[in-house]
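K.L.:
This is the structure I have questions about; it appears just below.
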Amino acid sequence: MARIRTIKPEFWESETIGTLSFGARLLFLACLNMADDEGLLRWNPSYLQSNAFVYDEVEHSQILEWMGELENGFVFPYQAGKTNQKLAWIINFRNHQVINRPQPSKLPGPSIQNSKFRDAIYERDKNICHLCGNEVVRHERTNISGSKAPSIDHIKPLSKGGSDYPSNLKTAHISCNKSRGNDDMNDSVSDSVNESVNDSVAERKGKEGKGKEEEIKTLSGKPDPIPYQAILDDMNATLNRQFHLTGDFKKLVKARWSEGFREPDFHTVCEKMQIKWGRDPTMAPYLRPATLFQASKFDGYLNTEITLSDKGVVSTTTQRNMDVFERFAREVENA
Ligand SMILES: [Zn+2]
């Protein structure tokens with residue numbers, strides 16, 4: 001089902017987008033509408049043609065050519081499901097879309113055992129460990145303990161109902177992932193040349209030696225390291241600012257962190273308030289850590305509703321009328 005999506009002004013200035021041909025660029029925009037809330041969509045030329053180029057006569061081979069352009073870093077093509085359906089994941093989808101109430105995907109996601117998919121996740125995350133904020137080292141030849149090699153971390157662990165869908169996956173150092181304790185380690189798939197995927201599956205099932213179990217136990221006592229740099233980078237990227245890693249910034253982040261807020265919460269606050277205030281010259285100056293991360297406001301910002309008028313899709317008058325209508329519809333429903 002097609003959905004309303006947002007396109008940031010940066011889209012048109014992006015050098016990577018600029019490398020695409022006109023057709024591929026248009027197809028990419030159409031993909032945003034066709035994708036579900038995970039950024040997944042059907043990836044076959046006939047489907048794309050009939051949805052994106054309804055009134056155009058476009059050669060099959062031309063569609064394939066544009067698809068090829070997009071497969072070069074914009075979408076991740078894969079096959080999944082009983083019928084080996086051809087699908088694709090828009091790699092930076094969640095970086096660009098604010099999804100208020102994400103609907104679970106009805107399409108199967110890429111397999112986490114697929115090393116190319118893991119590579120796409122690392123690239124999406126710019127090779128930054130979301131737990132410590134430092135860079136991961138791809139293909140490093142070291143042993144598992146203390147390794148800076150990357151692994152895939154589940155934000156919400158599988159054991160607590162988390163999924164293998166891309167929005168629940170983050171890049172983390174194997175060592176950082178381990179230090180979070182057993183629960184999360186059970187969920188991780190690591191990437192190190194000394195450790196094949198099968199080994200790591202075996203590890204997940206707890207078939208490994210005693211030495212390592214002990215190591216995990218001692219490390220699990222440590223508190224979560226706060227990824228200040230990653231939160232700052234994400235904030236700067238989301239707000240298009242150049243804030244610095246100051247003591248005040250750390251103080252604010254640390255305070256919210258101790259209240260139980262985590263990285264995705266900081267991201268959501270920045271993203272939502274950017275949509276609300278970004279185009280309003282009186283409010284835009286308040287898009288700064290001191291305002292967004294303050295104790296009395298943070299949770300409110302996190303839970304603020306993004307309306308279509310915030311997104312610039314409809315006027316404020318239309319939004320007011322829609323609100324009135326929605327209230328009316330709800331009253332009728334409850335009557
Ligand atoms: Zn790390």
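Residue names in the structure tokens use chain letters A, B, ... in the order shown, residue numbers from 1 in each chain, and ligand numbers from 1 in the order shown.
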Kindly assemble as a tab-separated table a list of the chain A residues that lie within 9 Å of ligand 1, each paired with its nearest atom pair and their distance in Å to one decimal, using only C-alpha atoms and all ligand atoms, sorted first by chain and then by ascending residue number.
P.N.:
residue	atom	partner	partner_atom_place_in_ligand_line	distance
A:Ile128	CA	ligand 1	1 (Zn)	7.7
A:Cys129	CA	ligand 1	1 (Zn)	4.5
A:His130	CA	ligand 1	1 (Zn)	6.6
A:Leu131	CA	ligand 1	1 (Zn)	5.1
A:Cys132	CA	ligand 1	1 (Zn)	4.1
A:Gly133	CA	ligand 1	1 (Zn)	6.2
A:Asn134	CA	ligand 1	1 (Zn)	5.8
A:Glu135	CA	ligand 1	1 (Zn)	7.4
A:Val136	CA	ligand 1	1 (Zn)	7.1
A:Lys148	CA	ligand 1	1 (Zn)	7.3
A:Pro150	CA	ligand 1	1 (Zn)	8.5
A:Thr171	CA	ligand 1	1 (Zn)	8.6
A:Ala172	CA	ligand 1	1 (Zn)	5.4
A:His173	CA	ligand 1	1 (Zn)	4.4
A:Ile174	CA	ligand 1	1 (Zn)	7.5
A:Ser175	CA	ligand 1	1 (Zn)	6.8
A:Cys176	CA	ligand 1	1 (Zn)	4.6
A:Asn177	CA	ligand 1	1 (Zn)	7.3
A:Pro225	CA	ligand 1	1 (Zn)	8.7
A:Pro227	CA	ligand 1	1 (Zn)	8.5
K.L.:
Include N, CA and C atoms and write out the residues we just selected as a PDB file, in the first residue's frame.
P.N.:
ATOM      1  N   ILE A 128      29.932   2.990  12.429  1.00  0.00           N
ATOM      2  CA  ILE A 128      30.061   3.474  13.806  1.00  0.00           C
ATOM      3  C   ILE A 128      29.317   2.533  14.747  1.00  0.00           C
ATOM      4  N   CYS A 129      30.011   2.117  15.801  1.00  0.00           N
ATOM      5  CA  CYS A 129      29.391   1.279  16.833  1.00  0.00           C
ATOM      6  C   CYS A 129      28.398   2.143  17.612  1.00  0.00           C
ATOM      7  N   HIS A 130      27.152   1.705  17.689  1.00  0.00           N
ATOM      8  CA  HIS A 130      26.146   2.555  18.334  1.00  0.00           C
ATOM      9  C   HIS A 130      26.260   2.513  19.861  1.00  0.00           C
ATOM     10  N   LEU A 131      27.092   1.610  20.359  1.00  0.00           N
ATOM     11  CA  LEU A 131      27.236   1.519  21.816  1.00  0.00           C
ATOM     12  C   LEU A 131      28.333   2.439  22.349  1.00  0.00           C
ATOM     13  N   CYS A 132      29.468   2.551  21.620  1.00  0.00           N
ATOM     14  CA  CYS A 132      30.556   3.394  22.136  1.00  0.00           C
ATOM     15  C   CYS A 132      30.821   4.610  21.240  1.00  0.00           C
ATOM     16  N   GLY A 133      30.258   4.635  20.047  1.00  0.00           N
ATOM     17  CA  GLY A 133      30.416   5.791  19.175  1.00  0.00           C
ATOM     18  C   GLY A 133      31.717   5.792  18.380  1.00  0.00           C
ATOM     19  N   ASN A 134      32.509   4.739  18.502  1.00  0.00           N
ATOM     20  CA  ASN A 134      33.751   4.679  17.726  1.00  0.00           C
ATOM     21  C   ASN A 134      33.586   3.795  16.495  1.00  0.00           C
ATOM     22  N   GLU A 135      34.541   3.953  15.586  1.00  0.00           N
ATOM     23  CA  GLU A 135      34.456   3.236  14.328  1.00  0.00           C
ATOM     24  C   GLU A 135      34.743   1.744  14.512  1.00  0.00           C
ATOM     25  N   VAL A 136      34.043   0.916  13.764  1.00  0.00           N
ATOM     26  CA  VAL A 136      34.371  -0.509  13.767  1.00  0.00           C
ATOM     27  C   VAL A 136      35.432  -0.760  12.702  1.00  0.00           C
ATOM     28  N   LYS A 148      37.765  -5.292  17.506  1.00  0.00           N
ATOM     29  CA  LYS A 148      37.032  -4.099  17.079  1.00  0.00           C
ATOM     30  C   LYS A 148      36.218  -4.411  15.826  1.00  0.00           C
ATOM     31  N   PRO A 150      33.102  -5.628  13.514  1.00  0.00           N
ATOM     32  CA  PRO A 150      31.685  -5.301  13.722  1.00  0.00           C
ATOM     33  C   PRO A 150      30.818  -6.518  13.994  1.00  0.00           C
ATOM     34  N   THR A 171      24.838  -1.436  14.096  1.00  0.00           N
ATOM     35  CA  THR A 171      26.235  -1.854  14.111  1.00  0.00           C
ATOM     36  C   THR A 171      26.812  -1.707  15.511  1.00  0.00           C
ATOM     37  N   ALA A 172      27.539  -2.718  15.974  1.00  0.00           N
ATOM     38  CA  ALA A 172      28.236  -2.620  17.263  1.00  0.00           C
ATOM     39  C   ALA A 172      29.524  -3.422  17.206  1.00  0.00           C
ATOM     40  N   HIS A 173      30.563  -2.950  17.896  1.00  0.00           N
ATOM     41  CA  HIS A 173      31.773  -3.761  18.046  1.00  0.00           C
ATOM     42  C   HIS A 173      31.396  -5.092  18.689  1.00  0.00           C
ATOM     43  N   ILE A 174      32.086  -6.150  18.302  1.00  0.00           N
ATOM     44  CA  ILE A 174      31.848  -7.436  18.972  1.00  0.00           C
ATOM     45  C   ILE A 174      32.075  -7.259  20.473  1.00  0.00           C
ATOM     46  N   SER A 175      33.162  -6.520  20.816  1.00  0.00           N
ATOM     47  CA  SER A 175      33.507  -6.371  22.241  1.00  0.00           C
ATOM     48  C   SER A 175      32.433  -5.575  22.989  1.00  0.00           C
ATOM     49  N   CYS A 176      31.915  -4.517  22.371  1.00  0.00           N
ATOM     50  CA  CYS A 176      30.872  -3.705  23.029  1.00  0.00           C
ATOM     51  C   CYS A 176      29.589  -4.512  23.185  1.00  0.00           C
ATOM     52  N   ASN A 177      29.289  -5.260  22.128  1.00  0.00           N
ATOM     53  CA  ASN A 177      28.101  -6.103  22.126  1.00  0.00           C
ATOM     54  C   ASN A 177      28.157  -7.098  23.279  1.00  0.00           C
ATOM     55  N   PRO A 225      28.144   1.850  28.223  1.00  0.00           N
ATOM     56  CA  PRO A 225      28.887   3.078  27.921  1.00  0.00           C
ATOM     57  C   PRO A 225      27.946   4.020  27.147  1.00  0.00           C
ATOM     58  N   PRO A 227      27.125   6.486  24.320  1.00  0.00           N
ATOM     59  CA  PRO A 227      27.721   6.846  23.022  1.00  0.00           C
ATOM     60  C   PRO A 227      27.541   8.329  22.700  1.00  0.00           C
TER      61      PRO A 227
END
K.L.:
Write out as a list in words the residues lying within 12 Å of A:Ile4, counting only C-alpha atoms and excluding same-chain residues fewer than 3 positions away.
P.N.:
Met1, Ile7, Leu29, Ala30, Cys31, Leu32, Asn33, Met34, Ala35, Asp36, Asp37, Gln97, Val98, Ile99, Asn100, Thr307, Leu308, Lys311, Gly312, Val313 and Val314 of chain A
K.L.:
Using DSSP on the backbone coordinates, identify all residues within stretch 45-175 of chain A classified as alpha helix (DSSP H); present the result as a PyMOL selection string.
P.N.:
chain A and resi 45-52+60-70+93-96+115-124+174-175
K.L.:
Create the file for the chosen residues now, containing C-alpha atoms and written as a compact mmCIF listing (two decimals), in the first residue's frame.
P.N.:
# COMPACT_ATOMS: atom_id res chain seq x y z
CA PRO A 45 10.49 -4.41 -13.16
CA SER A 46 6.83 -5.02 -14.08
CA TYR A 47 5.64 -4.05 -10.61
CA LEU A 48 7.80 -0.92 -10.54
CA GLN A 49 6.75 0.06 -14.05
CA SER A 50 3.01 -0.28 -13.36
CA ASN A 51 3.26 1.68 -10.11
CA ALA A 52 5.80 4.37 -10.88
CA HIS A 60 11.59 -3.14 -19.70
CA SER A 61 15.34 -2.92 -20.25
CA GLN A 62 15.27 0.76 -19.24
CA ILE A 63 13.59 -0.08 -15.91
CA LEU A 64 16.22 -2.76 -15.33
CA GLU A 65 18.94 -0.22 -15.99
CA TRP A 66 17.51 2.22 -13.43
CA MET A 67 17.09 -0.60 -10.92
CA GLY A 68 20.77 -1.40 -11.46
CA GLU A 69 21.72 2.19 -10.67
CA LEU A 70 19.74 2.09 -7.43
CA PHE A 93 14.96 4.72 4.62
CA ARG A 94 14.62 5.29 8.36
CA ASN A 95 17.27 8.03 8.30
CA HIS A 96 15.01 10.06 6.06
CA SER A 115 26.98 -11.09 4.79
CA LYS A 116 26.08 -8.56 2.07
CA PHE A 117 23.07 -7.49 4.11
CA ARG A 118 25.27 -7.09 7.20
CA ASP A 119 27.67 -4.99 5.09
CA ALA A 120 24.74 -2.81 4.04
CA ILE A 121 23.81 -2.29 7.71
CA TYR A 122 27.42 -1.33 8.57
CA GLU A 123 27.47 1.11 5.69
CA ARG A 124 24.09 2.56 6.65
CA ILE A 174 31.85 -7.44 18.97
CA SER A 175 33.51 -6.37 22.24
K.L.:
For A:Asp280, which residue out of A:Tyr301, A:Glu259, A:Asp310, A:Arg138 is the nearest one, using only C-alpha atoms?
P.N.:
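Of A:Tyr301, A:Glu259, A:Asp310, A:Arg138, the one nearest A:Asp280 is A:Asp310, counting only C-alpha atoms.
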